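This is start-v3.cif (mmCIF, C-alpha atoms).
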```
data_data
#
loop_
_atom_site.label_atom_id
_atom_site.label_comp_id
_atom_site.auth_asym_id
_atom_site.auth_seq_id
_atom_site.Cartn_x
_atom_site.Cartn_y
_atom_site.Cartn_z
CA MET M 1 -65.65 -34.13 -107.59
CA ASP M 2 -64.07 -36.19 -104.83
CA ALA M 3 -63.72 -39.08 -107.24
CA LEU M 4 -61.90 -36.85 -109.71
CA LEU M 5 -59.51 -35.59 -107.03
CA THR M 6 -58.72 -39.14 -105.92
CA SER M 7 -58.08 -40.15 -109.53
CA VAL M 8 -55.79 -37.22 -110.16
CA GLY M 9 -53.95 -38.00 -106.93
CA GLY M 10 -53.53 -41.64 -107.95
CA ALA M 11 -52.31 -40.62 -111.39
CA LEU M 12 -49.73 -38.24 -109.92
CA LEU M 13 -48.51 -40.86 -107.46
CA LEU M 14 -48.06 -43.40 -110.25
CA SER M 15 -46.22 -40.81 -112.35
CA LEU M 16 -43.89 -40.08 -109.45
CA LYS M 17 -43.18 -43.79 -108.98
CA LEU M 18 -42.33 -44.19 -112.66
CA ALA M 19 -40.08 -41.11 -112.68
CA ILE M 20 -38.24 -42.45 -109.62
CA ILE M 21 -37.43 -45.58 -111.60
CA ILE M 22 -36.62 -44.02 -114.95
CA ILE M 23 -34.38 -41.11 -113.95
CA PRO M 24 -31.76 -43.15 -112.01
CA LEU M 25 -31.85 -45.78 -114.75
CA VAL M 26 -30.95 -43.27 -117.44
CA VAL M 27 -28.32 -41.61 -115.22
CA VAL M 28 -26.64 -44.96 -114.47
CA PHE M 29 -26.65 -45.89 -118.13
CA GLU M 30 -25.14 -42.53 -119.07
CA LEU M 31 -22.40 -43.01 -116.45
CA PHE M 32 -21.41 -46.50 -117.51
CA ARG M 33 -21.97 -46.56 -121.24
CA TYR M 34 -18.40 -45.48 -122.03
CA LEU M 35 -16.72 -48.25 -120.04
CA PRO M 36 -14.67 -50.66 -122.17
CA VAL M 37 -16.47 -53.53 -120.42
CA PHE M 38 -19.46 -52.78 -122.58
CA ARG M 39 -17.42 -53.48 -125.67
CA ARG M 40 -15.90 -56.66 -124.32
CA ILE M 41 -19.23 -58.08 -123.26
CA GLY M 42 -19.64 -59.41 -126.79
CA THR M 43 -16.48 -61.51 -126.51
CA VAL M 44 -17.50 -62.99 -123.19
CA CYS M 45 -20.93 -63.93 -124.44
CA GLU M 46 -19.75 -65.33 -127.77
CA PRO M 47 -20.32 -69.02 -126.92
CA LEU M 48 -23.78 -68.20 -125.61
CA MET M 49 -24.62 -66.31 -128.76
CA GLN M 50 -23.47 -69.14 -130.98
CA GLY M 51 -25.92 -71.32 -129.14
CA VAL M 52 -28.80 -69.17 -130.36
CA GLY M 53 -27.41 -68.90 -133.88
CA LEU M 54 -25.99 -65.38 -133.66
CA SER M 55 -22.47 -64.31 -134.60
CA ARG M 56 -20.31 -61.84 -132.74
CA GLN M 57 -21.30 -59.12 -135.18
CA ALA M 58 -24.76 -59.17 -133.71
CA SER M 59 -23.55 -58.57 -130.15
CA LEU M 60 -23.76 -54.77 -130.06
CA PRO M 61 -27.31 -54.51 -131.38
CA LEU M 62 -28.29 -57.51 -129.23
CA PHE M 63 -27.05 -56.08 -125.95
CA THR M 64 -28.19 -52.58 -126.77
CA GLY M 65 -31.65 -53.95 -127.36
CA ILE M 66 -31.72 -56.20 -124.31
CA PHE M 67 -30.81 -53.41 -121.94
CA LEU M 68 -32.06 -50.27 -123.65
CA GLY M 69 -35.05 -51.36 -125.64
CA ILE M 70 -35.93 -51.32 -129.30
CA ALA M 71 -37.42 -47.85 -129.34
CA TYR M 72 -34.53 -46.18 -127.47
CA GLY M 73 -31.82 -48.33 -128.98
CA ALA M 74 -33.34 -48.04 -132.46
CA GLY M 75 -30.62 -45.77 -133.79
CA ILE M 76 -27.81 -48.10 -132.79
CA ILE M 77 -29.65 -51.22 -133.90
CA ILE M 78 -30.48 -49.91 -137.36
CA GLN M 79 -27.03 -48.45 -137.90
CA VAL M 80 -25.14 -51.56 -136.83
CA THR M 81 -27.33 -54.02 -138.68
CA GLN M 82 -26.96 -52.04 -141.90
CA GLU M 83 -23.21 -51.55 -141.56
CA LYS M 84 -22.44 -55.12 -140.70
CA LYS M 85 -24.67 -56.59 -143.37
CA LEU M 86 -25.83 -59.51 -141.30
CA PRO M 87 -27.25 -62.41 -143.33
CA PRO M 88 -31.07 -62.27 -143.54
CA ARG M 89 -31.63 -65.33 -141.34
CA GLU M 90 -29.39 -64.03 -138.63
CA LEU M 91 -31.12 -60.69 -138.84
CA LEU M 92 -34.48 -62.39 -138.36
CA LEU M 93 -33.14 -64.34 -135.38
CA LEU M 94 -31.80 -61.12 -133.88
CA ALA M 95 -35.10 -59.33 -134.47
CA LEU M 96 -37.08 -62.20 -133.00
CA PHE M 97 -34.90 -62.36 -129.92
CA LEU M 98 -35.01 -58.62 -129.38
CA ALA M 99 -38.71 -58.31 -130.13
CA THR M 100 -39.57 -60.72 -127.35
CA CYS M 101 -36.81 -59.76 -124.94
CA HIS M 102 -35.76 -56.12 -124.81
CA ALA M 103 -35.52 -53.25 -122.33
CA VAL M 104 -35.68 -55.96 -119.70
CA ILE M 105 -34.47 -53.79 -116.83
CA GLU M 106 -36.91 -50.95 -117.35
CA ASP M 107 -39.91 -53.11 -118.27
CA THR M 108 -39.39 -55.32 -115.27
CA LEU M 109 -38.85 -52.49 -112.82
CA ILE M 110 -42.01 -50.62 -113.76
CA PHE M 111 -44.08 -53.76 -113.15
CA VAL M 112 -42.23 -54.39 -109.89
CA ALA M 113 -43.18 -50.85 -108.87
CA VAL M 114 -46.85 -51.79 -109.11
CA GLY M 115 -46.54 -55.13 -107.32
CA GLY M 116 -45.26 -57.75 -109.81
CA ASN M 117 -42.54 -60.33 -109.22
CA GLY M 118 -39.49 -59.22 -111.18
CA TRP M 119 -37.48 -62.47 -111.11
CA GLN M 120 -40.35 -64.48 -112.52
CA MET M 121 -41.04 -61.98 -115.32
CA LEU M 122 -37.37 -61.62 -116.22
CA GLY M 123 -36.51 -65.31 -115.92
CA ILE M 124 -39.38 -66.57 -118.06
CA ARG M 125 -38.87 -63.92 -120.72
CA LEU M 126 -35.16 -64.63 -121.08
CA PHE M 127 -35.75 -68.37 -121.10
CA LEU M 128 -38.41 -68.11 -123.81
CA ALA M 129 -36.39 -65.77 -126.02
CA VAL M 130 -33.27 -67.95 -125.80
CA GLY M 131 -35.28 -71.14 -126.29
CA MET M 132 -37.21 -69.89 -129.28
CA THR M 133 -34.17 -68.43 -131.07
CA ALA M 134 -32.06 -71.52 -130.39
CA MET M 135 -34.80 -73.83 -131.68
CA LEU M 136 -35.32 -71.83 -134.86
CA SER M 137 -31.61 -71.64 -135.65
CA ARG M 138 -31.25 -75.40 -135.11
CA PHE M 139 -34.28 -76.04 -137.30
CA TRP M 140 -32.73 -73.99 -140.09
CA ALA M 141 -29.34 -75.62 -139.67
CA ALA M 142 -30.93 -79.08 -139.81
CA ARG M 143 -32.97 -78.22 -142.87
CA ARG M 144 -29.98 -76.76 -144.66
CA SER M 145 -27.88 -79.89 -144.19
CA ASP M 146 -30.92 -81.99 -145.07
CA SER M 147 -31.51 -80.23 -148.38
CA SER M 148 -27.83 -80.39 -149.29
CA HIS M 149 -27.98 -84.16 -148.90
CA ASN M 150 -30.87 -84.61 -151.28
CA GLN M 151 -31.19 -81.69 -153.66
CA GLU M 152 -34.43 -82.59 -155.43
CA GLY M 153 -36.48 -83.85 -152.50
CA GLY M 154 -39.15 -81.58 -151.06
CA GLY M 155 -37.18 -81.32 -147.86
CA GLY M 156 -39.75 -82.77 -145.46
CA ARG M 157 -38.11 -86.19 -145.20
CA SER M 158 -36.59 -87.51 -142.05
CA MET H 1 -13.47 -45.11 -135.53
CA GLN H 2 -12.24 -41.77 -134.15
CA THR H 3 -8.54 -42.16 -134.88
CA SER H 4 -7.82 -38.42 -134.89
CA THR H 5 -7.79 -38.10 -131.09
CA PRO H 6 -4.54 -38.78 -129.22
CA THR H 7 -5.88 -40.60 -126.12
CA GLU H 8 -5.68 -44.33 -126.42
CA ASP H 9 -8.84 -46.40 -126.91
CA ASN H 10 -11.66 -44.16 -125.73
CA PRO H 11 -11.30 -40.63 -126.99
CA ALA H 12 -14.53 -38.70 -126.67
CA VAL H 13 -15.62 -39.52 -123.10
CA PRO H 14 -17.25 -36.57 -121.33
CA ASP H 15 -16.38 -36.13 -117.63
CA VAL H 16 -18.55 -37.53 -114.86
CA ARG H 17 -20.37 -34.30 -114.11
CA GLU H 18 -21.26 -33.86 -117.76
CA ARG H 19 -22.55 -37.43 -117.90
CA LEU H 20 -24.61 -36.98 -114.73
CA LYS H 21 -26.17 -33.89 -116.24
CA THR H 22 -26.93 -35.57 -119.56
CA GLY H 23 -28.35 -38.58 -117.76
CA PHE H 24 -30.57 -36.55 -115.48
CA ALA H 25 -31.88 -34.44 -118.34
CA GLY H 26 -32.48 -37.56 -120.44
CA GLY H 27 -34.27 -39.26 -117.56
CA LEU H 28 -36.51 -36.25 -116.98
CA GLN H 29 -37.32 -36.06 -120.66
CA ALA H 30 -38.17 -39.76 -120.87
CA SER H 31 -40.28 -39.53 -117.71
CA TRP H 32 -42.22 -36.59 -119.06
CA LYS H 33 -42.88 -38.38 -122.36
CA LEU H 34 -44.41 -41.28 -120.45
CA ILE H 35 -46.23 -39.29 -117.78
CA ARG H 36 -48.13 -37.49 -120.52
CA PHE H 37 -49.69 -40.88 -121.35
CA VAL H 38 -50.00 -42.16 -117.84
CA ILE H 39 -51.98 -39.31 -116.25
CA PRO H 40 -54.90 -39.21 -118.72
CA CYS H 41 -55.08 -43.03 -119.06
CA PHE H 42 -55.12 -43.53 -115.29
CA ILE H 43 -57.76 -40.85 -114.67
CA VAL H 44 -60.08 -42.08 -117.43
CA ILE H 45 -59.98 -45.72 -116.30
CA ASP H 46 -60.19 -44.84 -112.61
CA LEU H 47 -63.32 -42.75 -113.22
CA LEU H 48 -64.93 -45.24 -115.60
CA LYS H 49 -64.18 -48.19 -113.30
CA GLY H 50 -67.48 -49.83 -112.39
CA SER H 51 -69.43 -47.91 -115.07
CA ALA H 52 -71.86 -49.81 -117.30
CA LEU H 53 -69.77 -49.26 -120.42
CA LEU H 54 -66.55 -50.62 -118.97
CA ASP H 55 -68.36 -53.47 -117.23
CA GLN H 56 -69.99 -54.59 -120.44
CA LEU H 57 -66.82 -54.47 -122.50
CA GLY H 58 -65.03 -56.24 -119.69
CA GLU H 59 -67.75 -58.90 -119.56
CA PHE H 60 -67.33 -59.40 -123.30
CA ALA H 61 -63.61 -60.01 -122.93
CA LYS H 62 -63.96 -62.12 -119.80
CA PRO H 63 -63.81 -65.59 -121.42
CA ALA H 64 -60.58 -64.72 -123.22
CA MET H 65 -58.95 -63.06 -120.22
CA GLN H 66 -59.95 -65.95 -117.95
CA LEU H 67 -57.68 -68.24 -119.95
CA PHE H 68 -54.79 -66.23 -118.53
CA GLY H 69 -56.17 -65.88 -115.03
CA LEU H 70 -57.02 -62.21 -115.47
CA PRO H 71 -60.23 -60.18 -115.08
CA GLY H 72 -62.10 -59.05 -118.21
CA GLU H 73 -61.17 -55.40 -117.72
CA ALA H 74 -57.51 -56.28 -118.21
CA VAL H 75 -58.26 -56.35 -121.95
CA PHE H 76 -58.05 -52.55 -122.01
CA ALA H 77 -54.55 -52.70 -120.61
CA PHE H 78 -53.58 -55.22 -123.29
CA LEU H 79 -54.93 -52.96 -126.02
CA ALA H 80 -53.02 -50.03 -124.56
CA ALA H 81 -49.86 -52.13 -124.32
CA TRP H 82 -50.10 -53.36 -127.91
CA LEU H 83 -50.97 -50.02 -129.49
CA LEU H 84 -49.20 -47.57 -127.19
CA ASN H 85 -46.72 -48.70 -124.55
CA LEU H 86 -46.27 -50.38 -121.19
CA TYR H 87 -46.70 -47.15 -119.27
CA ALA H 88 -50.19 -46.59 -120.63
CA ALA H 89 -50.95 -50.23 -119.83
CA ILE H 90 -49.78 -49.85 -116.24
CA ALA H 91 -51.82 -46.68 -115.87
CA ILE H 92 -54.86 -48.80 -116.73
CA LEU H 93 -53.87 -51.81 -114.61
CA VAL H 94 -53.29 -49.96 -111.35
CA PRO H 95 -56.92 -48.83 -110.83
CA LEU H 96 -58.08 -52.44 -111.49
CA GLU H 97 -56.42 -53.54 -108.22
CA LEU H 98 -54.99 -56.86 -109.39
CA ASP H 99 -53.18 -59.20 -107.01
CA ALA H 100 -49.41 -59.66 -107.17
CA TRP H 101 -49.57 -62.80 -109.32
CA GLN H 102 -51.90 -61.16 -111.84
CA MET H 103 -49.57 -58.17 -112.06
CA THR H 104 -46.65 -60.51 -112.74
CA GLN H 105 -48.71 -62.26 -115.41
CA CYS H 106 -49.45 -58.93 -117.10
CA GLY H 107 -45.79 -57.92 -116.87
CA LEU H 108 -44.74 -61.19 -118.47
CA MET H 109 -47.26 -61.15 -121.32
CA MET H 110 -47.01 -57.43 -122.04
CA GLY H 111 -43.24 -57.46 -121.66
CA ILE H 112 -43.11 -59.86 -124.60
CA ALA H 113 -45.68 -58.08 -126.78
CA HIS H 114 -46.06 -54.29 -126.56
CA ASN H 115 -45.75 -51.13 -128.60
CA LEU H 116 -46.24 -53.29 -131.69
CA LEU H 117 -46.74 -50.48 -134.20
CA LEU H 118 -43.70 -48.38 -133.33
CA GLU H 119 -41.39 -51.31 -132.69
CA GLY H 120 -42.70 -53.07 -135.77
CA GLY H 121 -41.54 -50.02 -137.73
CA VAL H 122 -38.10 -50.22 -136.18
CA ILE H 123 -37.84 -53.93 -136.95
CA LYS H 124 -38.88 -53.31 -140.53
CA SER H 125 -36.26 -50.63 -140.96
CA THR H 126 -33.52 -53.10 -140.02
CA GLY H 127 -34.57 -54.98 -143.15
CA THR H 128 -36.23 -58.08 -141.77
CA LYS H 129 -39.80 -59.37 -141.86
CA ALA H 130 -41.65 -57.25 -139.34
CA GLY H 131 -44.95 -59.09 -139.79
CA VAL H 132 -43.43 -62.44 -138.93
CA VAL H 133 -41.68 -61.02 -135.89
CA THR H 134 -44.79 -59.23 -134.60
CA LEU H 135 -46.92 -62.33 -135.02
CA GLY H 136 -44.23 -64.31 -133.23
CA ARG H 137 -44.37 -61.89 -130.31
CA LEU H 138 -48.14 -62.22 -129.93
CA VAL H 139 -48.04 -66.01 -130.14
CA LEU H 140 -45.20 -66.24 -127.63
CA SER H 141 -46.97 -63.81 -125.30
CA PHE H 142 -50.16 -65.90 -125.30
CA ALA H 143 -48.24 -69.14 -124.92
CA ALA H 144 -46.27 -67.73 -122.00
CA GLY H 145 -49.48 -66.49 -120.37
CA LEU H 146 -51.22 -69.85 -120.72
CA MET H 147 -48.23 -71.75 -119.33
CA PHE H 148 -47.67 -69.34 -116.45
CA PHE H 149 -51.35 -69.56 -115.48
CA ALA H 150 -51.23 -73.35 -115.65
CA ALA H 151 -48.12 -73.36 -113.46
CA HIS H 152 -49.86 -71.02 -111.04
CA ARG H 153 -53.01 -73.14 -110.87
CA LEU H 154 -51.38 -76.56 -110.77
CA PHE H 155 -48.22 -75.96 -108.78
CA GLY H 156 -48.96 -72.70 -107.03
CA VAL H 157 -46.13 -70.88 -108.77
CA GLY H 158 -46.12 -67.15 -108.01
#
```
As a first step, turn the structure in this file into structure tokens.
Amino acid sequence: MDALLTSVGGALLLSLKLAIIIIPLVVVFELFRYLPVFRRIGTVCEPLMQGVGLSRQASLPLFTGIFLGIAYGAGIIIQVTQEKKLPPRELLLLALFLATCHAVIEDTLIFVAVGGNGWQMLGIRLFLAVGMTAMLSRFWAARRSDSSHNQEGGGGRS
Amino acid sequence: MQTSTPTEDNPAVPDVRERLKTGFAGGLQASWKLIRFVIPCFIVIDLLKGSALLDQLGEFAKPAMQLFGLPGEAVFAFLAAWLLNLYAAIAILVPLELDAWQMTQCGLMMGIAHNLLLEGGVIKSTGTKAGVVTLGRLVLSFAAGLMFFAAHRLFGVG
């Protein structure tokens, strides 16, 4: 019986901790989401996005996903990607980036709340997502120019 | 988009009080959604901790988890993260009493790969290859875990 009480206490404490993180996060987002800065962020980050093979059209779904998460930002992501008609490869790059690196604020904070190191988690995740997307887009770009040089070759030549 | 309204570039912005209210309500709602998972998961694992069943399953997973510098029981948290969400995973991790580095490791690996079913659905609905993306997440998560453990062991990172 004591064990059960301790467990319930621990569960309630953890729930409280999580609520203390989530509620301010949602409030802050709600307060700032209408600022024009959020729209201009795409322009500022354009050179960075080109580096990972994404065009400016992908900026809204990208930043929505990075900060809000795929599940919460799903509506915006689906709507924008369908409206803008991104090319399939760019869509895959966007999905790959977001799948590995989304909701970074919330995810990181909840693990910080239980003792993790936020800068390490956040830094490594961002680095890996950028690195992987950049590599894949360069690989595709290289292969495209390669196959346009010799049309009939299998493509694997150097 | 909304050209009918007279105010210049940002027509339909609710006032601050309205936004605070929406944010607080949204935060409460999100918290409640997650706490519903967290309380039962935490209690079940906390009570089963040290039981023969959990020990044996943990023992079974030990060789795999050791590659990442984690105890065997952490496998339950990974399953919860992949199938459900990070909150369920945290509810399982907290009773296991990991050290700070191990918590960071879990945050890193699970941050990259979690909620695979739901988010896989979202990715699919944007019209790209969800299977490829999900596999990519798992591979990247394992690779990040292996590298972070190696860095921890060899250079004392974290």
Given a cut-off of 8 Å, which residues of chain H touch chain M, counting all atoms listed in the file, written out as a VMD selection string? chain H and resid 10 13 16 19 to 20 22 to 24 26 to 28 30 to 31 35 38 to 40 42 to 43 46 to 47 86 90 to 91 94 99 to 105 107 to 108 111 to 113 118 to 119 122 to 123 125 to 129 133 to 134 136 to 137 140 158
State, in Å with one decimal place, the distance from CA of Ser147 (chain M) to CA of Val130 (chain M). 25.8 Å
I'd like to see the residues matched by the PyMOL selection byres ((chain H and resi 64) around 12) on this file, and ideally I'd get them as a PDB file with C-alpha atoms, in the coordinates of the input.
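Output below, filename expr.pdb:
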```pdb
ATOM      1  CA  GLY H  58     -65.030 -56.240-119.690  1.00  0.00           C
ATOM      2  CA  GLU H  59     -67.750 -58.900-119.560  1.00  0.00           C
ATOM      3  CA  PHE H  60     -67.330 -59.400-123.300  1.00  0.00           C
ATOM      4  CA  ALA H  61     -63.610 -60.010-122.930  1.00  0.00           C
ATOM      5  CA  LYS H  62     -63.960 -62.120-119.800  1.00  0.00           C
ATOM      6  CA  PRO H  63     -63.810 -65.590-121.420  1.00  0.00           C
ATOM      7  CA  MET H  65     -58.950 -63.060-120.220  1.00  0.00           C
ATOM      8  CA  GLN H  66     -59.950 -65.950-117.950  1.00  0.00           C
ATOM      9  CA  LEU H  67     -57.680 -68.240-119.950  1.00  0.00           C
ATOM     10  CA  PHE H  68     -54.790 -66.230-118.530  1.00  0.00           C
ATOM     11  CA  GLY H  69     -56.170 -65.880-115.030  1.00  0.00           C
ATOM     12  CA  LEU H  70     -57.020 -62.210-115.470  1.00  0.00           C
ATOM     13  CA  PRO H  71     -60.230 -60.180-115.080  1.00  0.00           C
ATOM     14  CA  GLY H  72     -62.100 -59.050-118.210  1.00  0.00           C
ATOM     15  CA  GLU H  73     -61.170 -55.400-117.720  1.00  0.00           C
ATOM     16  CA  ALA H  74     -57.510 -56.280-118.210  1.00  0.00           C
ATOM     17  CA  VAL H  75     -58.260 -56.350-121.950  1.00  0.00           C
ATOM     18  CA  PHE H  78     -53.580 -55.220-123.290  1.00  0.00           C
ATOM     19  CA  PHE H 142     -50.160 -65.900-125.300  1.00  0.00           C
ATOM     20  CA  GLY H 145     -49.480 -66.490-120.370  1.00  0.00           C
ATOM     21  CA  LEU H 146     -51.220 -69.850-120.720  1.00  0.00           C
TER      22      LEU H 146
END
```
Atomic separation - CA of Asn115 (chain H) relative to CA of Ala77 (chain H), Å: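 We find that CA of Ala77 (chain H) and CA of Asn115 (chain H) lie 12.0 Å from each other.
Close contacts of region 52-59 of chain M, defined as residues with an atom at most 7 Å away when counting only C-alpha atoms, with chain neighbours fewer than 6 positions off set aside, comprise Gly42, Glu46, Lys84, Glu90, Val130, Thr133, Ala134 and Ser137 of chain M.
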Take the selection from the previous step and output its residues with C-alpha atoms, as a JSON list (two decimals), in the coordinates of the input.
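Saved file part-v7.json follows:
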```
[["chain", "number", "residue", "atom", "x", "y", "z"],
["M", 42, "GLY", "CA", -19.64, -59.41, -126.79],
["M", 46, "GLU", "CA", -19.75, -65.33, -127.77],
["M", 84, "LYS", "CA", -22.44, -55.12, -140.70],
["M", 90, "GLU", "CA", -29.39, -64.03, -138.63],
["M", 130, "VAL", "CA", -33.27, -67.95, -125.80],
["M", 133, "THR", "CA", -34.17, -68.43, -131.07],
["M", 134, "ALA", "CA", -32.06, -71.52, -130.39],
["M", 137, "SER", "CA", -31.61, -71.64, -135.65]]
```
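Restricting the calculation to only C-alpha atoms, the smallest distance between Leu84 (chain H) and any of H:Leu98, H:Met109, H:Leu34, H:Leu48 is found for H:Leu34.
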For CA of Ala88 (chain H) and CA of Leu60 (chain M), the interatomic separation in Å (one decimal): 29.2 Å
If you count all atoms listed in the file, which residues fall within 7 Å of Leu83 (chain H), apart from same-chain ones fewer than 3 positions away, as a VMD selection string? chain H and resid 79 to 80 115 to 117
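Among the candidates H:Leu96, H:Ala89, H:Val139, H:Met147, the residue lying nearest to Gly50 (chain H) is H:Leu96 (atoms considered: all atoms listed in the file).
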Is it possible to produce a file of region 141-149 of chain H from this structure, with all heavy atoms, as a PDB file, in the first residue's frame?
```
ATOM      1  N   SER H 141      18.839   7.769 -35.107  1.00  0.00           N
ATOM      2  CA  SER H 141      18.752   7.703 -33.645  1.00  0.00           C
ATOM      3  C   SER H 141      19.802   6.738 -33.081  1.00  0.00           C
ATOM      4  O   SER H 141      20.520   7.057 -32.128  1.00  0.00           O
ATOM      5  CB  SER H 141      17.345   7.254 -33.250  1.00  0.00           C
ATOM      6  OG  SER H 141      17.317   6.819 -31.923  1.00  0.00           O
ATOM      7  N   PHE H 142      19.908   5.550 -33.695  1.00  0.00           N
ATOM      8  CA  PHE H 142      20.912   4.582 -33.231  1.00  0.00           C
ATOM      9  C   PHE H 142      22.323   5.114 -33.453  1.00  0.00           C
ATOM     10  O   PHE H 142      23.190   4.995 -32.579  1.00  0.00           O
ATOM     11  CB  PHE H 142      20.738   3.246 -33.964  1.00  0.00           C
ATOM     12  CG  PHE H 142      19.477   2.523 -33.598  1.00  0.00           C
ATOM     13  CD1 PHE H 142      18.753   1.825 -34.548  1.00  0.00           C
ATOM     14  CD2 PHE H 142      18.994   2.544 -32.284  1.00  0.00           C
ATOM     15  CE1 PHE H 142      17.576   1.166 -34.212  1.00  0.00           C
ATOM     16  CE2 PHE H 142      17.827   1.889 -31.934  1.00  0.00           C
ATOM     17  CZ  PHE H 142      17.111   1.199 -32.906  1.00  0.00           C
ATOM     18  N   ALA H 143      22.547   5.688 -34.629  1.00  0.00           N
ATOM     19  CA  ALA H 143      23.885   6.211 -34.927  1.00  0.00           C
ATOM     20  C   ALA H 143      24.266   7.307 -33.939  1.00  0.00           C
ATOM     21  O   ALA H 143      25.385   7.319 -33.404  1.00  0.00           O
ATOM     22  CB  ALA H 143      23.927   6.749 -36.360  1.00  0.00           C
ATOM     23  N   ALA H 144      23.319   8.195 -33.652  1.00  0.00           N
ATOM     24  CA  ALA H 144      23.598   9.273 -32.702  1.00  0.00           C
ATOM     25  C   ALA H 144      23.901   8.697 -31.327  1.00  0.00           C
ATOM     26  O   ALA H 144      24.829   9.145 -30.641  1.00  0.00           O
ATOM     27  CB  ALA H 144      22.400  10.224 -32.627  1.00  0.00           C
ATOM     28  N   GLY H 145      23.138   7.683 -30.919  1.00  0.00           N
ATOM     29  CA  GLY H 145      23.345   7.057 -29.613  1.00  0.00           C
ATOM     30  C   GLY H 145      24.711   6.414 -29.499  1.00  0.00           C
ATOM     31  O   GLY H 145      25.410   6.571 -28.484  1.00  0.00           O
ATOM     32  N   LEU H 146      25.113   5.683 -30.552  1.00  0.00           N
ATOM     33  CA  LEU H 146      26.422   5.024 -30.543  1.00  0.00           C
ATOM     34  C   LEU H 146      27.544   6.056 -30.454  1.00  0.00           C
ATOM     35  O   LEU H 146      28.489   5.913 -29.666  1.00  0.00           O
ATOM     36  CB  LEU H 146      26.610   4.177 -31.810  1.00  0.00           C
ATOM     37  CG  LEU H 146      25.766   2.911 -31.917  1.00  0.00           C
ATOM     38  CD1 LEU H 146      25.961   2.264 -33.284  1.00  0.00           C
ATOM     39  CD2 LEU H 146      26.129   1.935 -30.813  1.00  0.00           C
ATOM     40  N   MET H 147      27.413   7.123 -31.251  1.00  0.00           N
ATOM     41  CA  MET H 147      28.477   8.139 -31.283  1.00  0.00           C
ATOM     42  C   MET H 147      28.546   8.899 -29.963  1.00  0.00           C
ATOM     43  O   MET H 147      29.628   9.186 -29.457  1.00  0.00           O
ATOM     44  CB  MET H 147      28.245   9.110 -32.444  1.00  0.00           C
ATOM     45  CG  MET H 147      28.572   8.480 -33.784  1.00  0.00           C
ATOM     46  SD  MET H 147      28.575   9.696 -35.118  1.00  0.00           S
ATOM     47  CE  MET H 147      26.865  10.154 -35.182  1.00  0.00           C
ATOM     48  N   PHE H 148      27.377   9.211 -29.408  1.00  0.00           N
ATOM     49  CA  PHE H 148      27.361   9.976 -28.159  1.00  0.00           C
ATOM     50  C   PHE H 148      27.935   9.139 -27.017  1.00  0.00           C
ATOM     51  O   PHE H 148      28.657   9.646 -26.152  1.00  0.00           O
ATOM     52  CB  PHE H 148      25.926  10.411 -27.839  1.00  0.00           C
ATOM     53  CG  PHE H 148      25.835  11.445 -26.747  1.00  0.00           C
ATOM     54  CD1 PHE H 148      26.690  12.545 -26.720  1.00  0.00           C
ATOM     55  CD2 PHE H 148      24.883  11.340 -25.749  1.00  0.00           C
ATOM     56  CE1 PHE H 148      26.601  13.497 -25.722  1.00  0.00           C
ATOM     57  CE2 PHE H 148      24.786  12.289 -24.738  1.00  0.00           C
ATOM     58  CZ  PHE H 148      25.643  13.367 -24.727  1.00  0.00           C
ATOM     59  N   PHE H 149      27.662   7.831 -27.037  1.00  0.00           N
ATOM     60  CA  PHE H 149      28.233   6.951 -26.011  1.00  0.00           C
ATOM     61  C   PHE H 149      29.745   6.846 -26.173  1.00  0.00           C
ATOM     62  O   PHE H 149      30.501   6.898 -25.194  1.00  0.00           O
ATOM     63  CB  PHE H 149      27.588   5.556 -26.088  1.00  0.00           C
ATOM     64  CG  PHE H 149      28.047   4.621 -24.999  1.00  0.00           C
ATOM     65  CD1 PHE H 149      28.186   5.066 -23.678  1.00  0.00           C
ATOM     66  CD2 PHE H 149      28.333   3.294 -25.283  1.00  0.00           C
ATOM     67  CE1 PHE H 149      28.595   4.200 -22.664  1.00  0.00           C
ATOM     68  CE2 PHE H 149      28.750   2.422 -24.281  1.00  0.00           C
ATOM     69  CZ  PHE H 149      28.885   2.883 -22.976  1.00  0.00           C
TER      70      PHE H 149
END
```
